[in-house]
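Engineer: Next up, input37.cif (mmCIF, C-alpha atoms).
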```cif
data_entry
loop_
_atom_site.label_atom_id
_atom_site.label_comp_id
_atom_site.auth_asym_id
_atom_site.auth_seq_id
_atom_site.Cartn_x
_atom_site.Cartn_y
_atom_site.Cartn_z
CA MET A 19 -26.51 -7.07 -10.51
CA LYS A 20 -25.25 -7.80 -13.99
CA PRO A 21 -22.42 -5.49 -15.05
CA THR A 22 -23.18 -3.14 -17.92
CA ALA A 23 -20.75 -2.30 -20.68
CA GLN A 24 -20.46 1.25 -19.27
CA LEU A 25 -19.74 -0.03 -15.76
CA THR A 26 -17.06 -2.35 -17.10
CA HIS A 27 -15.53 0.45 -19.17
CA ASP A 28 -15.55 2.89 -16.23
CA PHE A 29 -13.93 0.30 -13.98
CA THR A 30 -11.24 -0.53 -16.52
CA GLU A 31 -10.42 3.17 -16.95
CA LEU A 32 -10.27 3.68 -13.19
CA ILE A 33 -7.81 0.78 -12.81
CA LYS A 34 -5.66 2.04 -15.70
CA GLN A 35 -5.47 5.51 -14.15
CA HIS A 36 -4.71 4.31 -10.62
CA GLU A 37 -2.88 1.03 -11.15
CA ARG A 38 0.24 2.49 -9.55
CA ILE A 39 -1.53 2.46 -6.16
CA ILE A 40 -2.18 -1.27 -6.43
CA HIS A 41 1.41 -1.99 -7.44
CA LYS A 42 2.76 0.08 -4.54
CA VAL A 43 0.65 -1.82 -2.03
CA CYS A 44 1.59 -5.18 -3.55
CA ASN A 45 5.30 -4.22 -3.53
CA LEU A 46 5.07 -3.29 0.11
CA TYR A 47 3.34 -6.46 1.28
CA ILE A 48 4.79 -9.11 -1.03
CA ILE A 49 8.53 -9.56 -1.35
CA ASN A 50 10.34 -11.91 -3.75
CA ASN A 51 7.34 -14.05 -4.56
CA PRO A 52 5.83 -13.39 -7.99
CA GLU A 53 2.96 -15.84 -7.44
CA ASP A 54 1.89 -14.21 -4.17
CA TYR A 55 2.24 -10.80 -5.83
CA LYS A 56 -0.10 -11.88 -8.65
CA ASP A 57 -2.55 -13.38 -6.14
CA LEU A 58 -2.66 -10.20 -4.08
CA TYR A 59 -2.95 -8.01 -7.18
CA GLN A 60 -5.88 -10.09 -8.45
CA GLU A 61 -7.54 -10.07 -5.03
CA ILE A 62 -7.30 -6.27 -4.89
CA ILE A 63 -8.81 -6.01 -8.38
CA LEU A 64 -11.62 -8.39 -7.38
CA GLN A 65 -12.39 -6.47 -4.18
CA THR A 66 -12.32 -3.19 -6.10
CA TRP A 67 -14.67 -4.59 -8.75
CA THR A 68 -17.05 -5.82 -6.05
CA ALA A 69 -17.12 -2.40 -4.38
CA PHE A 70 -17.14 -0.33 -7.58
CA PRO A 71 -20.92 -0.25 -8.23
CA LYS A 72 -21.45 1.17 -4.73
CA PHE A 73 -18.73 3.84 -5.00
CA LYS A 74 -20.51 7.18 -4.67
CA HIS A 75 -17.50 9.44 -5.34
CA ASP A 76 -17.91 11.05 -1.92
CA ALA A 77 -14.18 10.48 -1.44
CA LYS A 78 -11.28 10.85 -3.83
CA VAL A 79 -10.82 7.79 -6.04
CA SER A 80 -7.26 7.37 -4.73
CA THR A 81 -8.49 7.43 -1.11
CA TRP A 82 -11.15 4.83 -1.88
CA LEU A 83 -8.71 2.62 -3.80
CA TYR A 84 -6.01 2.84 -1.12
CA ARG A 85 -8.54 1.78 1.49
CA ILE A 86 -9.54 -1.28 -0.52
CA ALA A 87 -5.97 -2.18 -1.48
CA LEU A 88 -4.54 -1.85 2.03
CA ASN A 89 -7.43 -3.68 3.69
CA THR A 90 -7.16 -6.46 1.12
CA ALA A 91 -3.39 -6.75 1.58
CA ILE A 92 -3.68 -6.89 5.35
CA SER A 93 -6.51 -9.44 5.19
CA HIS A 94 -4.64 -11.47 2.60
CA LYS A 95 -1.57 -11.59 4.80
CA ARG A 96 -3.56 -12.41 7.95
CA SER A 97 -5.59 -15.15 6.30
CA GLY A 98 -2.45 -16.89 5.18
CA SER A 99 -4.23 -17.90 1.98
CA ARG A 100 -0.71 -18.77 0.99
CA LYS A 101 2.19 -18.55 3.34
CA ILE A 102 3.52 -15.06 2.81
CA SER A 103 6.67 -14.56 4.76
CA ALA A 104 9.17 -11.81 5.10
CA VAL A 105 12.35 -12.66 3.27
CA PRO A 106 15.64 -10.82 3.00
CA PHE A 107 15.37 -7.47 1.29
CA ASP A 108 16.07 -7.53 -2.43
CA ALA A 109 17.34 -4.24 -3.84
CA ASP A 110 15.83 -5.03 -7.24
CA LEU A 111 12.37 -4.79 -5.72
CA ALA A 112 13.06 -1.36 -4.26
CA GLN A 113 11.92 0.18 -7.52
CA VAL A 114 8.53 1.48 -6.45
CA ALA A 115 7.38 3.02 -9.73
CA ASP A 116 7.99 6.56 -8.62
CA GLY A 117 11.21 7.39 -10.38
CA LYS A 118 13.57 6.91 -7.45
CA ASP A 119 17.01 5.58 -8.25
CA SER A 120 17.48 2.23 -6.53
CA ALA A 121 21.22 2.97 -6.21
CA ASP A 122 20.45 5.53 -3.53
CA ASP A 123 21.54 3.76 -0.31
CA GLU A 124 19.35 5.86 1.95
CA TYR A 125 16.31 5.15 -0.19
CA LEU A 126 17.01 1.41 -0.11
CA LEU A 127 17.52 1.48 3.63
CA LEU A 128 14.25 3.34 4.13
CA TRP A 129 12.28 0.75 2.14
CA GLN A 130 14.05 -2.10 3.94
CA LEU A 131 13.04 -0.63 7.29
CA ILE A 132 9.47 0.11 6.15
CA ARG A 133 8.98 -3.48 5.01
CA GLN A 134 9.87 -4.65 8.52
CA LEU A 135 7.20 -2.51 10.20
CA PRO A 136 3.95 -4.01 11.51
CA GLN A 137 1.16 -3.95 8.94
CA LEU A 138 -0.70 -0.87 10.20
CA GLU A 139 2.49 1.16 10.51
CA LYS A 140 3.57 0.04 7.04
CA ALA A 141 0.27 1.24 5.57
CA LEU A 142 0.41 4.58 7.40
CA ILE A 143 3.94 5.41 6.29
CA LEU A 144 3.21 4.40 2.69
CA LEU A 145 0.27 6.80 2.59
CA TYR A 146 2.40 9.52 4.17
CA LEU A 147 5.20 9.02 1.64
CA GLU A 148 2.61 9.30 -1.13
CA ASP A 149 1.96 12.87 0.05
CA ASN A 150 -1.52 12.17 1.36
CA SER A 151 -2.70 14.67 3.95
CA TYR A 152 -3.32 13.54 7.52
CA GLU A 153 -7.04 13.95 6.79
CA GLU A 154 -6.82 11.63 3.77
CA ILE A 155 -4.74 9.08 5.68
CA ALA A 156 -7.22 9.16 8.57
CA ALA A 157 -10.11 8.59 6.15
CA ILE A 158 -8.36 5.68 4.44
CA MET A 159 -7.27 4.00 7.67
CA GLY A 160 -10.37 4.75 9.75
CA LEU A 161 -8.44 6.78 12.33
CA THR A 162 -8.81 10.26 13.70
CA VAL A 163 -6.55 12.97 12.31
CA THR A 164 -4.92 13.38 15.73
CA ASN A 165 -4.28 9.65 16.05
CA THR A 166 -2.83 9.61 12.53
CA GLY A 167 -0.43 12.43 13.37
CA THR A 168 0.64 10.79 16.62
CA ARG A 169 1.21 7.40 15.01
CA LEU A 170 3.13 8.89 12.08
CA GLY A 171 5.34 10.83 14.46
CA ARG A 172 6.15 7.63 16.35
CA ILE A 173 6.77 5.69 13.14
CA LYS A 174 9.12 8.37 11.79
CA GLU A 175 11.04 8.40 15.07
CA LYS A 176 11.23 4.60 15.05
CA LEU A 177 12.55 4.54 11.47
CA LYS A 178 15.08 7.28 12.27
CA LYS A 179 16.43 5.35 15.29
CA GLN A 180 16.63 2.10 13.32
CA ALA A 181 18.45 3.81 10.45
CA GLN A 182 20.92 5.42 12.85
CA THR A 183 21.58 2.05 14.50
CA ILE A 184 22.26 0.38 11.15
CA GLN A 185 24.48 3.21 9.89
CA GLN A 186 26.71 3.16 13.01
#
```
As structure tokens, how would this structure be written, given the file I've shared?
Structural biologist:
Amino acid sequence: MKPTAQLTHDFTELIKQHERIIHKVCNLYIINNPEDYKDLYQEIILQTWTAFPKFKHDAKVSTWLYRIALNTAISHKRSGSRKISAVPFDADLAQVADGKDSADDEYLLLWQLIRQLPQLEKALILLYLEDNSYEEIAAIMGLTVTNTGTRLGRIKEKLKKQAQTIQQ
């Protein structure tokens, strides 16, 4: 199917309005590697463009975009299209475009611990911190609402224990 001018315009507007979601996912999965960040960003845009003509608006745009972005990030990391490795936490990258002050030690610690989580847990907690409901998170991740709540409870407890260990 050849893209129309209207389709291209609608897609461009959607990306402009929701670009923050893509940046948050890229910031969570790529650390200290601008080339890998650009690659992942472009891959998410490509996957979104591919899926856009079939988007029926039966879900919120943010839910649909999170699903694509998170699945792309996880696949990108698994495929090892480039070696993406965890590196020491860099406080400069803690700025996650939401107005938080990177000088806040607890905030920095939280993001350091989140980045160390397994991929599924990392995605779940990101969606939770973005104030998505359990129903929205379940829809994005393909889980039941009950499973989402259980997993988030375990992740929060895990993060709390890790933070307490570090702060002692």
Engineer: Given the PyMOL selection byres ((chain A and resi 67) around 12) and the file above, list the residues it selects as an NGL selection string.
Structural biologist: :A and (21 or 25-30 or 32-33 or 60-66 or 68-73 or 83 or 86-87)
Engineer: With the cut-off set at 9 Å and counting all atoms listed in the file, tabulate each residue of segment 19-91 of chain A with an atom at most that distance from an atom of segment 142-147 of chain A, showing the nearest atom pair and its distance in Å to one decimal, ordered by chain and increasing number, as a tab-separated table.
Structural biologist:
```
residue	atom	partner	partner_atom	distance
A:Lys42	CA	A:Leu144	CA	8.4
A:Val43	CA	A:Leu144	CA	8.2
A:Leu46	CA	A:Leu144	CA	8.3
A:Tyr84	CA	A:Leu145	CA	8.3
```
Engineer: May I ask for the distance between atom CA of Gly171 of chain A and atom CA of Glu139 of chain A, given in Å to one decimal place?
Structural biologist: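 Going from atom CA of Gly171 of chain A over to atom CA of Glu139 of chain A covers 10.8 Å.
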Engineer: Show which residues sit within 9 Å of segment 159-167 of chain A, as a PDB file with C-alpha atoms, in the frame of the given file. Count only C-alpha atoms, and ignore same-chain residues fewer than 3 positions away.
Structural biologist:
```pdb
ATOM      1  CA  TYR A  84      -6.010   2.840  -1.120  1.00  0.00           C
ATOM      2  CA  ARG A  85      -8.540   1.780   1.490  1.00  0.00           C
ATOM      3  CA  LEU A  88      -4.540  -1.850   2.030  1.00  0.00           C
ATOM      4  CA  ASN A  89      -7.430  -3.680   3.690  1.00  0.00           C
ATOM      5  CA  LEU A 138      -0.700  -0.870  10.200  1.00  0.00           C
ATOM      6  CA  ALA A 141       0.270   1.240   5.570  1.00  0.00           C
ATOM      7  CA  LEU A 142       0.410   4.580   7.400  1.00  0.00           C
ATOM      8  CA  TYR A 152      -3.320  13.540   7.520  1.00  0.00           C
ATOM      9  CA  GLU A 153      -7.040  13.950   6.790  1.00  0.00           C
ATOM     10  CA  GLU A 154      -6.820  11.630   3.770  1.00  0.00           C
ATOM     11  CA  ILE A 155      -4.740   9.080   5.680  1.00  0.00           C
ATOM     12  CA  ALA A 156      -7.220   9.160   8.570  1.00  0.00           C
ATOM     13  CA  LEU A 170       3.130   8.890  12.080  1.00  0.00           C
ATOM     14  CA  GLY A 171       5.340  10.830  14.460  1.00  0.00           C
ATOM     15  CA  ARG A 172       6.150   7.630  16.350  1.00  0.00           C
TER      16      ARG A 172
END
```
Engineer: Could you check how far atom CA of Ile132 of chain A sits from atom CA of Leu177 of chain A, in Å to one decimal?
Structural biologist: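 It comes out at 7.6 Å.
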Engineer: In Å, with one decimal, what is the gap from atom CA of Leu131 of chain A to atom CA of Gln180 of chain A?
Structural biologist: 7.5 Å
Engineer: A:Pro52, A:Gln185, A:Gln24, A:Ala157: which is nearest Lys78 of chain A, counting all atoms listed in the file?
Structural biologist: A:Ala157
Engineer: Select, from A:Glu124, A:Ser151, A:Trp82, A:Asp57, the residue with the minimum atom-to-atom distance to Gln182 of chain A, counting all atoms listed in the file.
Structural biologist: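 Among A:Glu124, A:Ser151, A:Trp82, A:Asp57, it is A:Glu124 that comes nearest to Gln182 of chain A.
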Engineer: Selected by the PyMOL selection byres ((chain A and resi 48) around 9) in the shown coordinates: which residues, as a list of chain:residue names?
Structural biologist: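 Given this file, the PyMOL selection byres ((chain A and resi 48) around 9) evaluates to A:Val43, A:Cys44, A:Asn45, A:Leu46, A:Tyr47, A:Ile49, A:Asn50, A:Asn51, A:Pro52, A:Asp54, A:Tyr55, A:Leu58, A:Ala91, A:Lys95, A:Ile102, A:Ser103, A:Ala104.
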Engineer: With only C-alpha atoms as the atoms that count, which of A:Leu135, A:Asn150, A:Ile158, A:Ala23 lies nearest to Ile173 of chain A?
Structural biologist: A:Leu135
Engineer: Using all atoms listed in the file, which of the listed residues (A:His36, A:Lys140, A:Lys174, A:His41) sits closest to Thr81 of chain A?
Structural biologist: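 Among the listed residues, the smallest separation from Thr81 of chain A belongs to A:His36.
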